[in-house]
Amino acid sequence: MNYYSTRSRYPAMIFPIIFYHYYLDSPRVIKDFGYRINKAGVFIKNGKRNDFFYPKNAVFKIQKNVLEKIIEKPDYIDYVLEKFKKDGKKFLAFIKIKDKLNLSKVDNEKLFKIYQEYNKFFTELNYPVLILIAFSVIDKLGEKIKEKVTNLDDLNSLIKSDKLPYLLEYELDILSSKKQDASKLYNKWYWVPFDYYGANKWTMDDFKKELIKPKDKERAKYLKNYKKNNQRNTQEIINKYNLNEEEVRIIKFIKLLNYLQDERKKVTNISYPFLQEKIIKEFTKRTDIKSEILWLMTPQEIRDALKGRKYNLEERKESCAIEIHNGKFIVHEKIPSYLKTSQDIKNRKMIKGMPASKGVVSGKVKICKTSKEIEKMKKGQVLVAPTTSPDYIMGFKKAIAVVTDEGGLTCHAAVVSREMRLPCVINTKFASEILKDGDLVEVDAERGTVKIIKKAK
């Protein structure tokens with residue numbers, strides 16, 4: 001396998017995530033990171049989408065250049081943060097203005113232009129954060145700190161963002177509010193369960209039900225003091241391990257990347273209701289193409305569909321690849337040879353991954369390849385997913401442990417599991433394919449293993 005892939009998820013979809021890759025073969029990425037990717041995009045195999053970056057050695061060269069920039073240029077942290085804040089403000093301002101439009105009244109060309117503008121803002125926001133996170137730069141930085149900070153609890157505490165993650169901010173709002181505040185909280189947080197492709201929407205009743213539950217005062221106190229306690233713990237651990245100036249700067253950058261990852265998800269999540277409920281819904285009406293197929297189409301194909309062209313793209317849900325080159329989208333209805341790989345994952349009794357949040361528990365598996373399957377999950381099950389995102393929050397509340405195929409030190413599953421004190425094993429590669437609903441497993445998040453005790457009938 002000569003390509004680099006960091007994420008694989010269900011369901012099969014191409015947009016808007018392919019815009020993450022827009023600049024990777026451009027002069028811009030050479031200027032910013034000193035190297036370029038020959039081919040980048042998304043491929044779908046057996047209904048599962050995967051990012052790809054080709055060739056692998058180009059990714060490693062970019063990793064190396066970025067790591068050097070982080071270590072040697074202290075002001076690079078401030079540059080990344082300021083750029084991200086500006087791009088986030090522009091994106092949300094665009095959403096606020098366009099959301100007031102009645103898109104059913106605009107013509108096809110204007111509707112498509114709004115879609116292009118959305119993708120432009122989406123792209124700018126996610127670059128260069130994509131490079132720093134999807135290319136595992138944060139994990140490479142973490143490896144440098146691991147050499148000294150050998151205790152997992154200390155390491156996890158050290159790399160936490162000082163800012164309260166937005167899902168914990170939501171939790172604090174729930175714990176600090178009363179039933180009569182449901183309308184205010186709904187308007188503030190209704191977008192949380194949205195992801196790229198849709199959501200099991202939260203209603204006003206969902207907020208009322210949350211607000212009448214017993215309040216955990218100790219949890220509320222912990223969340224209110226989150227920043228102060230994190231800063232104190234960080235300093236104590238720095239002193240404990242006698243970390244030098246360069247190591248402290250690396251920790252500062254990891255914390256920043258944690259913050260950026262969380263804020264990036266927050267901004268994009270706020271934008272998804274507009275994308276799905278307005279733009280995609282209007283495309284569906286005008287083209288009679290289901291949204292799950294629209295997610296697999298290039299912008300040019302969508303534009304042609306608005307002009308009346310008919311498409312039959314059902315097979316793309318199972319297998320295809322789309323790369324982006326010189327700003328143009330290239331569709332491969334069959335997966336190119338440079339992306340082909342084979343893995344023998346049959347008859348495994350032990351699955352190995354990376355410990356992310358400590359603990360050892362046993363329980364029955366519930367596979368949730370998308371967040372829509374969480375409603376079938378029962379309390380006390382082991383949540384197993386390719387990866388998780390904010391729309392999985394109800395699954396975390398039901399789970400006794402979390403296992404994912406993907407992820408690094410600061411991935412969503414790792415961060416949320418630590419905060420909810422759930423044993424978590426990440427980066428297992430194939431757990432969601434090896435395990436089945438009802439399998440009895442032991443999750444050992446001390447050693448990063450998942451042992452199959454008994455297979456379901």
# chains A, B, ... in the order shown; residues from 1 in each chain; ligands from 1
call {"tool": "residues_around", "arguments": {"residues": "Ile374 of chain A", "least_positions_apart": "6", "cutoff": "10 Å", "atoms": "only C-alpha atoms", "output": "list in words"}}
result
Asn200, Lys366, Ile367, Cys368, Leu383, Asp391, Tyr392, Ile393, Met394, Gly395, Phe396 and Lys398 of chain A
call {"tool": "residues_around", "arguments": {"residues": "segment 178-180 of chain A", "least_positions_apart": "2", "cutoff": "7 Å", "atoms": "only C-alpha atoms", "output": "PyMOL selection string"}}
result
chain A and resi 182+208+211-212
call {"tool": "closest_residue", "arguments": {"among": "A:Ile159, A:Leu81, A:Ile37, A:Ala12", "to": "Arg249 of chain A", "atoms": "only C-alpha atoms"}}
result
A:Ile159
call {"tool": "closest_atom_pairs", "arguments": {"of": "segment 61-138 of chain A", "to": "segment 273-296 of chain A", "cutoff": "7 Å", "atoms": "only C-alpha atoms", "output": "CSV"}}
result
residue,atom,partner,partner_atom,distance
A:Asp99,CA,A:Phe274,CA,6.4
A:Leu103,CA,A:Lys278,CA,6.9
A:Ser104,CA,A:Glu282,CA,6.7
A:Tyr115,CA,A:Ile279,CA,6.8
call {"tool": "write_last_selection", "arguments": {"atoms": "N, CA and C atoms", "output": "PDB file, in the first residue's frame"}}
result
ATOM      1  N   ASP A  99     -28.807  31.987   5.334  1.00  0.00           N
ATOM      2  CA  ASP A  99     -29.882  31.206   5.958  1.00  0.00           C
ATOM      3  C   ASP A  99     -31.209  31.972   5.956  1.00  0.00           C
ATOM      4  N   LEU A 103     -34.542  29.832  -0.403  1.00  0.00           N
ATOM      5  CA  LEU A 103     -33.849  29.256  -1.552  1.00  0.00           C
ATOM      6  C   LEU A 103     -34.797  28.668  -2.592  1.00  0.00           C
ATOM      7  N   SER A 104     -36.029  28.410  -2.198  1.00  0.00           N
ATOM      8  CA  SER A 104     -36.990  27.899  -3.187  1.00  0.00           C
ATOM      9  C   SER A 104     -37.341  28.963  -4.226  1.00  0.00           C
ATOM     10  N   TYR A 115     -24.017  27.162  -3.195  1.00  0.00           N
ATOM     11  CA  TYR A 115     -23.364  25.885  -2.865  1.00  0.00           C
ATOM     12  C   TYR A 115     -21.843  25.999  -3.042  1.00  0.00           C
TER      13      TYR A 115
END
call {"tool": "atom_distance", "arguments": {"atom1": "atom CA of Lys228 of chain A", "atom2": "atom CA of Ile270 of chain A"}}
result
27.5 Å
call {"tool": "closest_residue", "arguments": {"among": "A:Phe15, A:Phe253, A:Tyr118, A:Phe112", "to": "Ala93 of chain A", "atoms": "only C-alpha atoms"}}
result
A:Tyr118
call {"tool": "select_by_dssp", "arguments": {"residues": "segment 118-275 of chain A", "states": "helix (DSSP H, G or I)", "output": "ChimeraX atom specification"}}
result
/A:118-126,129-134,137-146,152-159,166-175,179-189,204-211,217-224,226-240,245-275
call {"tool": "residues_around", "arguments": {"residues": "segment 53-63 of chain A", "least_positions_apart": "2", "cutoff": "12 Å", "atoms": "only C-alpha atoms", "output": "ChimeraX atom specification"}}
result
/A:1-7,18,20-22,24-25,29-43,50-51,65-70,128,130-141,322-325,336-339
call {"tool": "residues_around", "arguments": {"residues": "Lys240 of chain A", "least_positions_apart": "4", "cutoff": "12 Å", "atoms": "only C-alpha atoms", "output": "ChimeraX atom specification"}}
result
/A:148-151,154-155,158,233-236,244
call {"tool": "write_last_selection", "arguments": {"atoms": "N, CA and C atoms", "output": "PDB file, in the first residue's frame"}}
result
ATOM      1  N   LYS A 148       9.088  11.248  27.628  1.00  0.00           N
ATOM      2  CA  LYS A 148       9.338  11.663  29.018  1.00  0.00           C
ATOM      3  C   LYS A 148       8.139  11.379  29.925  1.00  0.00           C
ATOM      4  N   VAL A 149       6.949  11.693  29.428  1.00  0.00           N
ATOM      5  CA  VAL A 149       5.740  11.533  30.241  1.00  0.00           C
ATOM      6  C   VAL A 149       5.185  10.137  29.990  1.00  0.00           C
ATOM      7  N   THR A 150       5.556   9.193  30.814  1.00  0.00           N
ATOM      8  CA  THR A 150       5.250   7.777  30.562  1.00  0.00           C
ATOM      9  C   THR A 150       3.905   7.341  31.134  1.00  0.00           C
ATOM     10  N   ASN A 151       3.352   8.112  32.060  1.00  0.00           N
ATOM     11  CA  ASN A 151       2.067   7.769  32.660  1.00  0.00           C
ATOM     12  C   ASN A 151       0.928   8.275  31.775  1.00  0.00           C
ATOM     13  N   ASP A 154      -1.203  11.160  33.157  1.00  0.00           N
ATOM     14  CA  ASP A 154      -0.480  12.431  33.092  1.00  0.00           C
ATOM     15  C   ASP A 154      -0.458  12.971  31.669  1.00  0.00           C
ATOM     16  N   LEU A 155      -0.211  12.075  30.701  1.00  0.00           N
ATOM     17  CA  LEU A 155      -0.159  12.492  29.300  1.00  0.00           C
ATOM     18  C   LEU A 155      -1.503  13.053  28.856  1.00  0.00           C
ATOM     19  N   LEU A 158      -2.109  16.379  30.320  1.00  0.00           N
ATOM     20  CA  LEU A 158      -1.191  17.387  29.790  1.00  0.00           C
ATOM     21  C   LEU A 158      -1.653  17.956  28.451  1.00  0.00           C
ATOM     22  N   ASN A 233      -3.100  21.571  36.682  1.00  0.00           N
ATOM     23  CA  ASN A 233      -2.576  20.219  36.472  1.00  0.00           C
ATOM     24  C   ASN A 233      -1.429  20.210  35.466  1.00  0.00           C
ATOM     25  N   THR A 234      -1.570  21.015  34.412  1.00  0.00           N
ATOM     26  CA  THR A 234      -0.518  21.092  33.396  1.00  0.00           C
ATOM     27  C   THR A 234       0.796  21.542  34.020  1.00  0.00           C
ATOM     28  N   GLN A 235       0.728  22.585  34.820  1.00  0.00           N
ATOM     29  CA  GLN A 235       1.953  23.112  35.435  1.00  0.00           C
ATOM     30  C   GLN A 235       2.568  22.091  36.394  1.00  0.00           C
ATOM     31  N   GLU A 236       1.718  21.383  37.119  1.00  0.00           N
ATOM     32  CA  GLU A 236       2.222  20.372  38.054  1.00  0.00           C
ATOM     33  C   GLU A 236       2.948  19.252  37.317  1.00  0.00           C
ATOM     34  N   ASN A 244      11.477  20.725  29.405  1.00  0.00           N
ATOM     35  CA  ASN A 244      12.229  21.907  28.984  1.00  0.00           C
ATOM     36  C   ASN A 244      11.365  22.843  28.133  1.00  0.00           C
TER      37      ASN A 244
END
call {"tool": "atom_distance", "arguments": {"atom1": "atom CA of Asp195 of chain A", "atom2": "atom CA of Glu117 of chain A"}}
result
19.2 Å
call {"tool": "decode", "arguments": {"residues": "segment 281-329 of chain A", "atoms": "N, CA and C atoms", "output": "tab-separated table (two decimals), in the first residue's frame"}}
result
chain	number	residue	atom	x	y	z
A	281	LYS	N	-31.54	19.95	0.31
A	281	LYS	CA	-33.00	19.71	0.20
A	281	LYS	C	-33.55	20.31	-1.09
A	282	GLU	N	-33.05	21.50	-1.43
A	282	GLU	CA	-33.51	22.17	-2.66
A	282	GLU	C	-32.98	21.44	-3.89
A	283	PHE	N	-31.73	20.98	-3.85
A	283	PHE	CA	-31.20	20.16	-4.96
A	283	PHE	C	-32.08	18.93	-5.17
A	284	THR	N	-32.45	18.28	-4.08
A	284	THR	CA	-33.26	17.06	-4.15
A	284	THR	C	-34.60	17.33	-4.83
A	285	LYS	N	-35.22	18.43	-4.44
A	285	LYS	CA	-36.52	18.80	-5.04
A	285	LYS	C	-36.39	19.02	-6.54
A	286	ARG	N	-35.36	19.74	-6.94
A	286	ARG	CA	-35.25	20.17	-8.34
A	286	ARG	C	-34.71	19.09	-9.27
A	287	THR	N	-33.97	18.14	-8.73
A	287	THR	CA	-33.37	17.11	-9.59
A	287	THR	C	-34.01	15.74	-9.44
A	288	ASP	N	-34.82	15.58	-8.37
A	288	ASP	CA	-35.42	14.29	-8.04
A	288	ASP	C	-34.34	13.23	-7.76
A	289	ILE	N	-33.19	13.68	-7.27
A	289	ILE	CA	-32.09	12.78	-6.89
A	289	ILE	C	-32.01	12.74	-5.37
A	290	LYS	N	-31.98	11.53	-4.81
A	290	LYS	CA	-31.93	11.38	-3.36
A	290	LYS	C	-30.65	12.01	-2.80
A	291	SER	N	-30.72	12.51	-1.58
A	291	SER	CA	-29.56	13.18	-0.97
A	291	SER	C	-28.37	12.23	-0.87
A	292	GLU	N	-28.60	10.96	-0.59
A	292	GLU	CA	-27.48	10.02	-0.45
A	292	GLU	C	-26.71	9.85	-1.76
A	293	ILE	N	-27.38	10.12	-2.90
A	293	ILE	CA	-26.69	10.09	-4.20
A	293	ILE	C	-26.04	11.44	-4.48
A	294	LEU	N	-26.70	12.53	-4.08
A	294	LEU	CA	-26.11	13.86	-4.26
A	294	LEU	C	-24.77	13.96	-3.55
A	295	TRP	N	-24.63	13.31	-2.39
A	295	TRP	CA	-23.36	13.33	-1.65
A	295	TRP	C	-22.23	12.68	-2.44
A	296	LEU	N	-22.58	11.89	-3.46
A	296	LEU	CA	-21.57	11.17	-4.24
A	296	LEU	C	-21.24	11.87	-5.56
A	297	MET	N	-21.82	13.03	-5.80
A	297	MET	CA	-21.67	13.69	-7.09
A	297	MET	C	-20.67	14.85	-7.02
A	298	THR	N	-19.98	15.07	-8.12
A	298	THR	CA	-19.09	16.22	-8.21
A	298	THR	C	-19.93	17.49	-8.39
A	299	PRO	N	-19.38	18.66	-8.11
A	299	PRO	CA	-20.14	19.90	-8.35
A	299	PRO	C	-20.64	20.01	-9.79
A	300	GLN	N	-19.81	19.64	-10.77
A	300	GLN	CA	-20.23	19.74	-12.16
A	300	GLN	C	-21.41	18.82	-12.45
A	301	GLU	N	-21.40	17.63	-11.87
A	301	GLU	CA	-22.52	16.70	-12.07
A	301	GLU	C	-23.80	17.27	-11.45
A	302	ILE	N	-23.68	17.90	-10.30
A	302	ILE	CA	-24.86	18.52	-9.67
A	302	ILE	C	-25.38	19.65	-10.53
A	303	ARG	N	-24.46	20.43	-11.06
A	303	ARG	CA	-24.86	21.55	-11.94
A	303	ARG	C	-25.59	21.02	-13.18
A	304	ASP	N	-25.05	19.94	-13.76
A	304	ASP	CA	-25.69	19.34	-14.94
A	304	ASP	C	-27.05	18.75	-14.60
A	305	ALA	N	-27.17	18.17	-13.40
A	305	ALA	CA	-28.46	17.61	-12.97
A	305	ALA	C	-29.51	18.71	-12.82
A	306	LEU	N	-29.08	19.89	-12.35
A	306	LEU	CA	-30.01	21.02	-12.24
A	306	LEU	C	-30.50	21.49	-13.61
A	307	LYS	N	-29.68	21.20	-14.64
A	307	LYS	CA	-30.07	21.56	-16.01
A	307	LYS	C	-30.88	20.46	-16.70
A	308	GLY	N	-31.12	19.35	-15.95
A	308	GLY	CA	-31.99	18.31	-16.50
A	308	GLY	C	-31.32	16.99	-16.84
A	309	ARG	N	-30.00	16.91	-16.72
A	309	ARG	CA	-29.33	15.66	-17.04
A	309	ARG	C	-29.67	14.58	-16.02
A	310	LYS	N	-29.90	13.35	-16.49
A	310	LYS	CA	-30.26	12.23	-15.62
A	310	LYS	C	-29.01	11.42	-15.28
A	311	TYR	N	-28.94	10.97	-14.02
A	311	TYR	CA	-27.80	10.17	-13.57
A	311	TYR	C	-28.29	8.90	-12.88
A	312	ASN	N	-27.54	7.82	-13.06
A	312	ASN	CA	-27.77	6.58	-12.31
A	312	ASN	C	-26.45	6.22	-11.63
A	313	LEU	N	-26.34	6.60	-10.36
A	313	LEU	CA	-25.05	6.49	-9.67
A	313	LEU	C	-25.13	5.58	-8.44
A	314	GLU	N	-26.09	4.66	-8.42
A	314	GLU	CA	-26.26	3.78	-7.26
A	314	GLU	C	-24.99	2.99	-6.95
A	315	GLU	N	-24.26	2.59	-7.99
A	315	GLU	CA	-23.07	1.75	-7.78
A	315	GLU	C	-21.96	2.50	-7.05
A	316	ARG	N	-21.98	3.83	-7.12
A	316	ARG	CA	-20.96	4.61	-6.41
A	316	ARG	C	-21.04	4.41	-4.90
A	317	LYS	N	-22.21	4.03	-4.39
A	317	LYS	CA	-22.34	3.81	-2.95
A	317	LYS	C	-21.48	2.65	-2.48
A	318	GLU	N	-21.16	1.74	-3.40
A	318	GLU	CA	-20.38	0.55	-3.04
A	318	GLU	C	-18.92	0.67	-3.42
A	319	SER	N	-18.64	1.31	-4.55
A	319	SER	CA	-17.25	1.36	-5.00
A	319	SER	C	-17.04	2.50	-5.99
A	320	CYS	N	-16.09	3.37	-5.69
A	320	CYS	CA	-15.68	4.43	-6.61
A	320	CYS	C	-14.53	5.21	-5.96
A	321	ALA	N	-13.95	6.10	-6.71
A	321	ALA	CA	-12.94	7.00	-6.15
A	321	ALA	C	-13.05	8.34	-6.86
A	322	ILE	N	-12.86	9.40	-6.11
A	322	ILE	CA	-12.83	10.74	-6.70
A	322	ILE	C	-11.59	11.44	-6.18
A	323	GLU	N	-10.75	11.86	-7.08
A	323	GLU	CA	-9.56	12.62	-6.67
A	323	GLU	C	-9.72	14.05	-7.16
A	324	ILE	N	-8.96	14.93	-6.55
A	324	ILE	CA	-9.02	16.33	-6.94
A	324	ILE	C	-7.62	16.74	-7.40
A	325	HIS	N	-7.56	17.29	-8.62
A	325	HIS	CA	-6.27	17.61	-9.22
A	325	HIS	C	-6.39	18.93	-9.95
A	326	ASN	N	-5.51	19.89	-9.60
A	326	ASN	CA	-5.57	21.23	-10.20
A	326	ASN	C	-6.96	21.85	-10.07
A	327	GLY	N	-7.59	21.59	-8.92
A	327	GLY	CA	-8.91	22.17	-8.67
A	327	GLY	C	-10.05	21.49	-9.41
A	328	LYS	N	-9.77	20.38	-10.12
A	328	LYS	CA	-10.82	19.66	-10.86
A	328	LYS	C	-11.01	18.28	-10.26
A	329	PHE	N	-12.25	17.78	-10.35
A	329	PHE	CA	-12.59	16.50	-9.77
A	329	PHE	C	-12.55	15.41	-10.83
